[in-house]
Amino acid sequence: KLVEMNNGNPISFVQKALSGMASGSIAVCIGTPFDIALVRLQADGMAKPEDRRNYKNVFDALIRTVRDEGFGALYAGLMPNILRGMSMNVGMMACYDQAKEVIASLLGDPMTNGPSLPTRMGASATAGFTAALFSMPFDLVKSRLMAQKPDPISGELPYKGIADCAIKIVKQEGPMGFFNGFSAYYGRCAPHAMIILLSIESITNAYRKAFE
């Protein structure tokens, strides 16, 4: 639709980025409660036996979180999660479209009937890397805010908010602390991004052939 509004010309990277940010933030607002359950279940498995919440499953985690901490606890860490979703979509969707144009020009792919497979593969691999690179700092802050527990003596949480969490990470672990475990995170993001992006092209082409 944006291409049509732009007289058939490719939209700018800024427009692609804004579109990705909008869709990413909407998706995060819907999925954050389940992300909370995921983070807490993972943290429970790594905690000492006496510190575990001992959730039985996802639904038990959701129910007990609401019962023990209130409905608002399902949206703890919402803002960094929104930032993560926005940065993930910019890195994946916007960078994919931009990389596709660059790679197509390098390979001499006219993209008259859509991009060729080499163009799509190269662009999706690039997008997988940028998605991981852009989103990992926000993912780290989000996970720490979601998994934090009150101090048993003072009752205070380790982090007061996004800024406090980010500052403490920099002070205690250095700037590169935001990228600890990047290879594993990239290994999670890249296949996810490539499968989605390659599927989108195929599904879009099939839809156009069927209905246009």
# chains A, B, ... in the order shown; residues from 1 in each chain; ligands from 1
>>> residues_around(residues="range 82-94 of chain A", least_positions_apart="4", cutoff="9 Å", atoms="only C-alpha atoms", output="PyMOL selection string")
chain A and resi 13-29+32+77-78+98-99+124+126-139+142+193-194+197
>>> select_by_dssp(residues="range 94-211 of chain A", states="helix (DSSP H, G or I)", output="PyMOL selection string")
chain A and resi 94-107+117-147+162-173+175-179+182-211
>>> closest_residue(among="A:Ile196, A:Arg144, A:Asn113, A:Asp44", to="Lys209 in chain A", atoms="only C-alpha atoms")
A:Asn113
>>> atom_distance(atom1="CA of Met46 in chain A", atom2="CA of Lys160 in chain A")
23.0 Å
>>> residues_around(residues="Ala163 in chain A", least_positions_apart="5", cutoff="12 Å", atoms="only C-alpha atoms", output="PyMOL selection string")
chain A and resi 77+79-80+138+141-142+145+168-170
>>> atom_distance(atom1="CA of Phe211 in chain A", atom2="CA of Ser199 in chain A")
18.1 Å
>>> residues_around(residues="Phe71 in chain A", least_positions_apart="6", cutoff="10 Å", atoms="only C-alpha atoms", output="ChimeraX atom specification")
/A:33,62-63,65
>>> residues_around(residues="range 104-106 of chain A", least_positions_apart="5", cutoff="9 Å", atoms="only C-alpha atoms", output="list in words")
Ala99, Met111, Pro115, Ser116, Pro118, Thr119 and Arg120 of chain A
>>> write_last_selection(atoms="all heavy atoms", output="PDB file, in the first residue's frame")
ATOM      1  N   ALA A  99      18.266  -4.335   2.306  1.00  0.00           N
ATOM      2  CA  ALA A  99      19.305  -5.262   1.853  1.00  0.00           C
ATOM      3  C   ALA A  99      18.917  -5.927   0.538  1.00  0.00           C
ATOM      4  O   ALA A  99      19.771  -6.190  -0.317  1.00  0.00           O
ATOM      5  CB  ALA A  99      19.553  -6.319   2.924  1.00  0.00           C
ATOM      6  N   MET A 111      14.353  -8.174 -10.401  1.00  0.00           N
ATOM      7  CA  MET A 111      13.206  -8.336  -9.489  1.00  0.00           C
ATOM      8  C   MET A 111      11.881  -8.009 -10.175  1.00  0.00           C
ATOM      9  O   MET A 111      10.951  -7.515  -9.537  1.00  0.00           O
ATOM     10  CB  MET A 111      13.376  -7.485  -8.224  1.00  0.00           C
ATOM     11  CG  MET A 111      14.521  -7.885  -7.336  1.00  0.00           C
ATOM     12  SD  MET A 111      14.375  -7.328  -5.609  1.00  0.00           S
ATOM     13  CE  MET A 111      14.404  -5.546  -5.806  1.00  0.00           C
ATOM     14  N   PRO A 115      12.068 -10.900  -6.145  1.00  0.00           N
ATOM     15  CA  PRO A 115      13.508 -11.164  -6.023  1.00  0.00           C
ATOM     16  C   PRO A 115      13.830 -12.642  -6.247  1.00  0.00           C
ATOM     17  O   PRO A 115      13.023 -13.513  -5.938  1.00  0.00           O
ATOM     18  CB  PRO A 115      13.822 -10.738  -4.587  1.00  0.00           C
ATOM     19  CG  PRO A 115      12.525 -10.876  -3.867  1.00  0.00           C
ATOM     20  CD  PRO A 115      11.466 -10.533  -4.854  1.00  0.00           C
ATOM     21  N   SER A 116      15.015 -12.883  -6.784  1.00  0.00           N
ATOM     22  CA  SER A 116      15.458 -14.258  -6.987  1.00  0.00           C
ATOM     23  C   SER A 116      15.817 -14.893  -5.648  1.00  0.00           C
ATOM     24  O   SER A 116      15.964 -14.197  -4.636  1.00  0.00           O
ATOM     25  CB  SER A 116      16.674 -14.283  -7.915  1.00  0.00           C
ATOM     26  OG  SER A 116      17.776 -13.638  -7.294  1.00  0.00           O
ATOM     27  N   PRO A 118      18.708 -16.273  -4.580  1.00  0.00           N
ATOM     28  CA  PRO A 118      19.956 -15.754  -3.984  1.00  0.00           C
ATOM     29  C   PRO A 118      19.782 -14.376  -3.337  1.00  0.00           C
ATOM     30  O   PRO A 118      20.353 -14.104  -2.280  1.00  0.00           O
ATOM     31  CB  PRO A 118      20.916 -15.689  -5.178  1.00  0.00           C
ATOM     32  CG  PRO A 118      20.411 -16.720  -6.127  1.00  0.00           C
ATOM     33  CD  PRO A 118      18.919 -16.666  -5.998  1.00  0.00           C
ATOM     34  N   THR A 119      18.982 -13.521  -3.972  1.00  0.00           N
ATOM     35  CA  THR A 119      18.719 -12.193  -3.406  1.00  0.00           C
ATOM     36  C   THR A 119      17.978 -12.323  -2.080  1.00  0.00           C
ATOM     37  O   THR A 119      18.328 -11.676  -1.084  1.00  0.00           O
ATOM     38  CB  THR A 119      17.883 -11.340  -4.375  1.00  0.00           C
ATOM     39  OG1 THR A 119      18.610 -11.151  -5.584  1.00  0.00           O
ATOM     40  CG2 THR A 119      17.563  -9.977  -3.767  1.00  0.00           C
ATOM     41  N   ARG A 120      16.971 -13.174  -2.048  1.00  0.00           N
ATOM     42  CA  ARG A 120      16.184 -13.369  -0.833  1.00  0.00           C
ATOM     43  C   ARG A 120      17.016 -13.990   0.282  1.00  0.00           C
ATOM     44  O   ARG A 120      16.904 -13.593   1.451  1.00  0.00           O
ATOM     45  CB  ARG A 120      14.983 -14.246  -1.136  1.00  0.00           C
ATOM     46  CG  ARG A 120      13.929 -13.558  -1.998  1.00  0.00           C
ATOM     47  CD  ARG A 120      13.018 -14.559  -2.692  1.00  0.00           C
ATOM     48  NE  ARG A 120      12.389 -15.472  -1.764  1.00  0.00           N
ATOM     49  CZ  ARG A 120      11.779 -16.595  -2.137  1.00  0.00           C
ATOM     50  NH1 ARG A 120      11.735 -16.942  -3.405  1.00  0.00           N
ATOM     51  NH2 ARG A 120      11.214 -17.371  -1.234  1.00  0.00           N
TER      52      ARG A 120
END
>>> residues_around(residues="Phe179 in chain A", least_positions_apart="2", cutoff="9 Å", atoms="only C-alpha atoms", output="list in words")
Leu133, Met136, Pro137, Leu140, Pro175, Met176, Gly177, Gly181, Phe182, Ser183 and Tyr185 of chain A
>>> atom_distance(atom1="CA of Asn54 in chain A", atom2="CA of Lys149 in chain A")
13.9 Å
>>> residues_around(residues="Phe34 in chain A", least_positions_apart="6", cutoff="9 Å", atoms="only C-alpha atoms", output="NGL selection string")
:A and (58-59 or 62 or 74)
>>> write_last_selection(atoms="all heavy atoms", output="mmCIF file, in the first residue's frame")
data_model
loop_
_atom_site.group_PDB
_atom_site.id
_atom_site.type_symbol
_atom_site.label_atom_id
_atom_site.label_comp_id
_atom_site.auth_asym_id
_atom_site.auth_seq_id
_atom_site.Cartn_x
_atom_site.Cartn_y
_atom_site.Cartn_z
ATOM 1 N N VAL A 58 2.804 -22.782 31.732
ATOM 2 C CA VAL A 58 2.596 -21.378 31.343
ATOM 3 C C VAL A 58 1.368 -20.794 32.019
ATOM 4 O O VAL A 58 1.400 -19.674 32.548
ATOM 5 C CB VAL A 58 2.455 -21.265 29.810
ATOM 6 C CG1 VAL A 58 2.061 -19.847 29.416
ATOM 7 C CG2 VAL A 58 3.747 -21.662 29.117
ATOM 8 N N PHE A 59 0.263 -21.541 32.000
ATOM 9 C CA PHE A 59 -0.991 -21.015 32.546
ATOM 10 C C PHE A 59 -0.916 -20.858 34.066
ATOM 11 O O PHE A 59 -1.464 -19.906 34.621
ATOM 12 C CB PHE A 59 -2.148 -21.919 32.134
ATOM 13 C CG PHE A 59 -2.317 -22.019 30.656
ATOM 14 C CD1 PHE A 59 -1.940 -23.166 29.976
ATOM 15 C CD2 PHE A 59 -2.824 -20.951 29.924
ATOM 16 C CE1 PHE A 59 -2.073 -23.255 28.593
ATOM 17 C CE2 PHE A 59 -2.967 -21.022 28.553
ATOM 18 C CZ PHE A 59 -2.589 -22.183 27.883
ATOM 19 N N LEU A 62 0.929 -17.628 34.646
ATOM 20 C CA LEU A 62 0.077 -16.459 34.414
ATOM 21 C C LEU A 62 -0.908 -16.252 35.565
ATOM 22 O O LEU A 62 -1.065 -15.136 36.069
ATOM 23 C CB LEU A 62 -0.687 -16.626 33.095
ATOM 24 C CG LEU A 62 0.131 -16.577 31.807
ATOM 25 C CD1 LEU A 62 -0.725 -16.971 30.621
ATOM 26 C CD2 LEU A 62 0.727 -15.191 31.596
ATOM 27 N N LEU A 74 1.716 -8.679 34.802
ATOM 28 C CA LEU A 74 1.821 -9.335 33.498
ATOM 29 C C LEU A 74 2.443 -8.420 32.456
ATOM 30 O O LEU A 74 2.855 -8.879 31.391
ATOM 31 C CB LEU A 74 0.432 -9.781 33.009
ATOM 32 C CG LEU A 74 -0.248 -10.907 33.784
ATOM 33 C CD1 LEU A 74 -1.621 -11.198 33.197
ATOM 34 C CD2 LEU A 74 0.609 -12.166 33.780
#
>>> decode(residues="range 39-50 of chain A", atoms="all heavy atoms", output="PDB file, in the first residue's frame")
ATOM      1  N   VAL A  39       9.842 -16.019  30.458  1.00  0.00           N
ATOM      2  CA  VAL A  39      11.043 -15.575  31.179  1.00  0.00           C
ATOM      3  C   VAL A  39      11.074 -16.154  32.589  1.00  0.00           C
ATOM      4  O   VAL A  39      12.118 -16.620  33.062  1.00  0.00           O
ATOM      5  CB  VAL A  39      11.102 -14.032  31.222  1.00  0.00           C
ATOM      6  CG1 VAL A  39      12.191 -13.565  32.178  1.00  0.00           C
ATOM      7  CG2 VAL A  39      11.371 -13.477  29.833  1.00  0.00           C
ATOM      8  N   ARG A  40       9.935 -16.150  33.267  1.00  0.00           N
ATOM      9  CA  ARG A  40       9.894 -16.648  34.646  1.00  0.00           C
ATOM     10  C   ARG A  40      10.089 -18.166  34.713  1.00  0.00           C
ATOM     11  O   ARG A  40      10.731 -18.673  35.630  1.00  0.00           O
ATOM     12  CB  ARG A  40       8.584 -16.240  35.305  1.00  0.00           C
ATOM     13  CG  ARG A  40       8.495 -14.730  35.515  1.00  0.00           C
ATOM     14  CD  ARG A  40       7.377 -14.359  36.458  1.00  0.00           C
ATOM     15  NE  ARG A  40       7.418 -12.928  36.770  1.00  0.00           N
ATOM     16  CZ  ARG A  40       6.771 -12.373  37.779  1.00  0.00           C
ATOM     17  NH1 ARG A  40       6.030 -13.118  38.577  1.00  0.00           N
ATOM     18  NH2 ARG A  40       6.854 -11.078  37.992  1.00  0.00           N
ATOM     19  N   LEU A  41       9.546 -18.877  33.750  1.00  0.00           N
ATOM     20  CA  LEU A  41       9.748 -20.324  33.713  1.00  0.00           C
ATOM     21  C   LEU A  41      11.214 -20.658  33.468  1.00  0.00           C
ATOM     22  O   LEU A  41      11.772 -21.586  34.077  1.00  0.00           O
ATOM     23  CB  LEU A  41       8.873 -20.950  32.624  1.00  0.00           C
ATOM     24  CG  LEU A  41       7.380 -21.079  32.948  1.00  0.00           C
ATOM     25  CD1 LEU A  41       6.588 -21.397  31.693  1.00  0.00           C
ATOM     26  CD2 LEU A  41       7.149 -22.154  34.000  1.00  0.00           C
ATOM     27  N   GLN A  42      11.856 -19.897  32.581  1.00  0.00           N
ATOM     28  CA  GLN A  42      13.279 -20.118  32.310  1.00  0.00           C
ATOM     29  C   GLN A  42      14.128 -19.765  33.525  1.00  0.00           C
ATOM     30  O   GLN A  42      15.058 -20.501  33.876  1.00  0.00           O
ATOM     31  CB  GLN A  42      13.713 -19.281  31.096  1.00  0.00           C
ATOM     32  CG  GLN A  42      13.141 -19.777  29.781  1.00  0.00           C
ATOM     33  CD  GLN A  42      13.486 -18.871  28.622  1.00  0.00           C
ATOM     34  OE1 GLN A  42      13.687 -17.665  28.781  1.00  0.00           O
ATOM     35  NE2 GLN A  42      13.547 -19.431  27.427  1.00  0.00           N
ATOM     36  N   ALA A  43      13.807 -18.642  34.164  1.00  0.00           N
ATOM     37  CA  ALA A  43      14.564 -18.220  35.346  1.00  0.00           C
ATOM     38  C   ALA A  43      14.383 -19.206  36.491  1.00  0.00           C
ATOM     39  O   ALA A  43      15.312 -19.453  37.271  1.00  0.00           O
ATOM     40  CB  ALA A  43      14.119 -16.820  35.775  1.00  0.00           C
ATOM     41  N   ASP A  44      13.199 -19.781  36.603  1.00  0.00           N
ATOM     42  CA  ASP A  44      12.911 -20.743  37.666  1.00  0.00           C
ATOM     43  C   ASP A  44      13.814 -21.969  37.555  1.00  0.00           C
ATOM     44  O   ASP A  44      14.279 -22.511  38.563  1.00  0.00           O
ATOM     45  CB  ASP A  44      11.444 -21.187  37.584  1.00  0.00           C
ATOM     46  CG  ASP A  44      10.771 -21.188  38.949  1.00  0.00           C
ATOM     47  OD1 ASP A  44      11.159 -20.372  39.803  1.00  0.00           O
ATOM     48  OD2 ASP A  44       9.849 -21.993  39.149  1.00  0.00           O
ATOM     49  N   GLY A  45      14.057 -22.393  36.327  1.00  0.00           N
ATOM     50  CA  GLY A  45      14.881 -23.577  36.128  1.00  0.00           C
ATOM     51  C   GLY A  45      16.332 -23.370  36.491  1.00  0.00           C
ATOM     52  O   GLY A  45      17.052 -24.337  36.799  1.00  0.00           O
ATOM     53  N   MET A  46      16.787 -22.107  36.467  1.00  0.00           N
ATOM     54  CA  MET A  46      18.189 -21.811  36.769  1.00  0.00           C
ATOM     55  C   MET A  46      18.395 -21.336  38.207  1.00  0.00           C
ATOM     56  O   MET A  46      19.528 -21.202  38.652  1.00  0.00           O
ATOM     57  CB  MET A  46      18.707 -20.745  35.800  1.00  0.00           C
ATOM     58  CG  MET A  46      18.733 -21.202  34.344  1.00  0.00           C
ATOM     59  SD  MET A  46      19.435 -19.966  33.219  1.00  0.00           S
ATOM     60  CE  MET A  46      18.154 -18.721  33.232  1.00  0.00           C
ATOM     61  N   ALA A  47      17.309 -21.080  38.924  1.00  0.00           N
ATOM     62  CA  ALA A  47      17.416 -20.552  40.287  1.00  0.00           C
ATOM     63  C   ALA A  47      17.711 -21.666  41.289  1.00  0.00           C
ATOM     64  O   ALA A  47      17.512 -22.850  41.017  1.00  0.00           O
ATOM     65  CB  ALA A  47      16.122 -19.843  40.661  1.00  0.00           C
ATOM     66  N   LYS A  48      18.186 -21.259  42.463  1.00  0.00           N
ATOM     67  CA  LYS A  48      18.403 -22.222  43.541  1.00  0.00           C
ATOM     68  C   LYS A  48      17.048 -22.782  43.979  1.00  0.00           C
ATOM     69  O   LYS A  48      16.030 -22.088  43.892  1.00  0.00           O
ATOM     70  CB  LYS A  48      19.082 -21.526  44.725  1.00  0.00           C
ATOM     71  CG  LYS A  48      20.482 -20.989  44.415  1.00  0.00           C
ATOM     72  CD  LYS A  48      21.047 -20.269  45.628  1.00  0.00           C
ATOM     73  CE  LYS A  48      22.432 -19.701  45.315  1.00  0.00           C
ATOM     74  NZ  LYS A  48      22.994 -18.956  46.478  1.00  0.00           N
ATOM     75  N   PRO A  49      17.014 -24.013  44.469  1.00  0.00           N
ATOM     76  CA  PRO A  49      15.729 -24.623  44.858  1.00  0.00           C
ATOM     77  C   PRO A  49      14.900 -23.764  45.798  1.00  0.00           C
ATOM     78  O   PRO A  49      13.676 -23.675  45.660  1.00  0.00           O
ATOM     79  CB  PRO A  49      16.156 -25.937  45.523  1.00  0.00           C
ATOM     80  CG  PRO A  49      17.459 -26.274  44.866  1.00  0.00           C
ATOM     81  CD  PRO A  49      18.135 -24.952  44.610  1.00  0.00           C
ATOM     82  N   GLU A  50      15.562 -23.097  46.743  1.00  0.00           N
ATOM     83  CA  GLU A  50      14.815 -22.286  47.714  1.00  0.00           C
ATOM     84  C   GLU A  50      14.289 -20.981  47.118  1.00  0.00           C
ATOM     85  O   GLU A  50      13.416 -20.321  47.704  1.00  0.00           O
ATOM     86  CB  GLU A  50      15.690 -21.977  48.936  1.00  0.00           C
ATOM     87  CG  GLU A  50      16.934 -21.160  48.642  1.00  0.00           C
ATOM     88  CD  GLU A  50      18.155 -22.008  48.305  1.00  0.00           C
ATOM     89  OE1 GLU A  50      17.972 -23.196  47.946  1.00  0.00           O
ATOM     90  OE2 GLU A  50      19.279 -21.477  48.384  1.00  0.00           O
TER      91      GLU A  50
END
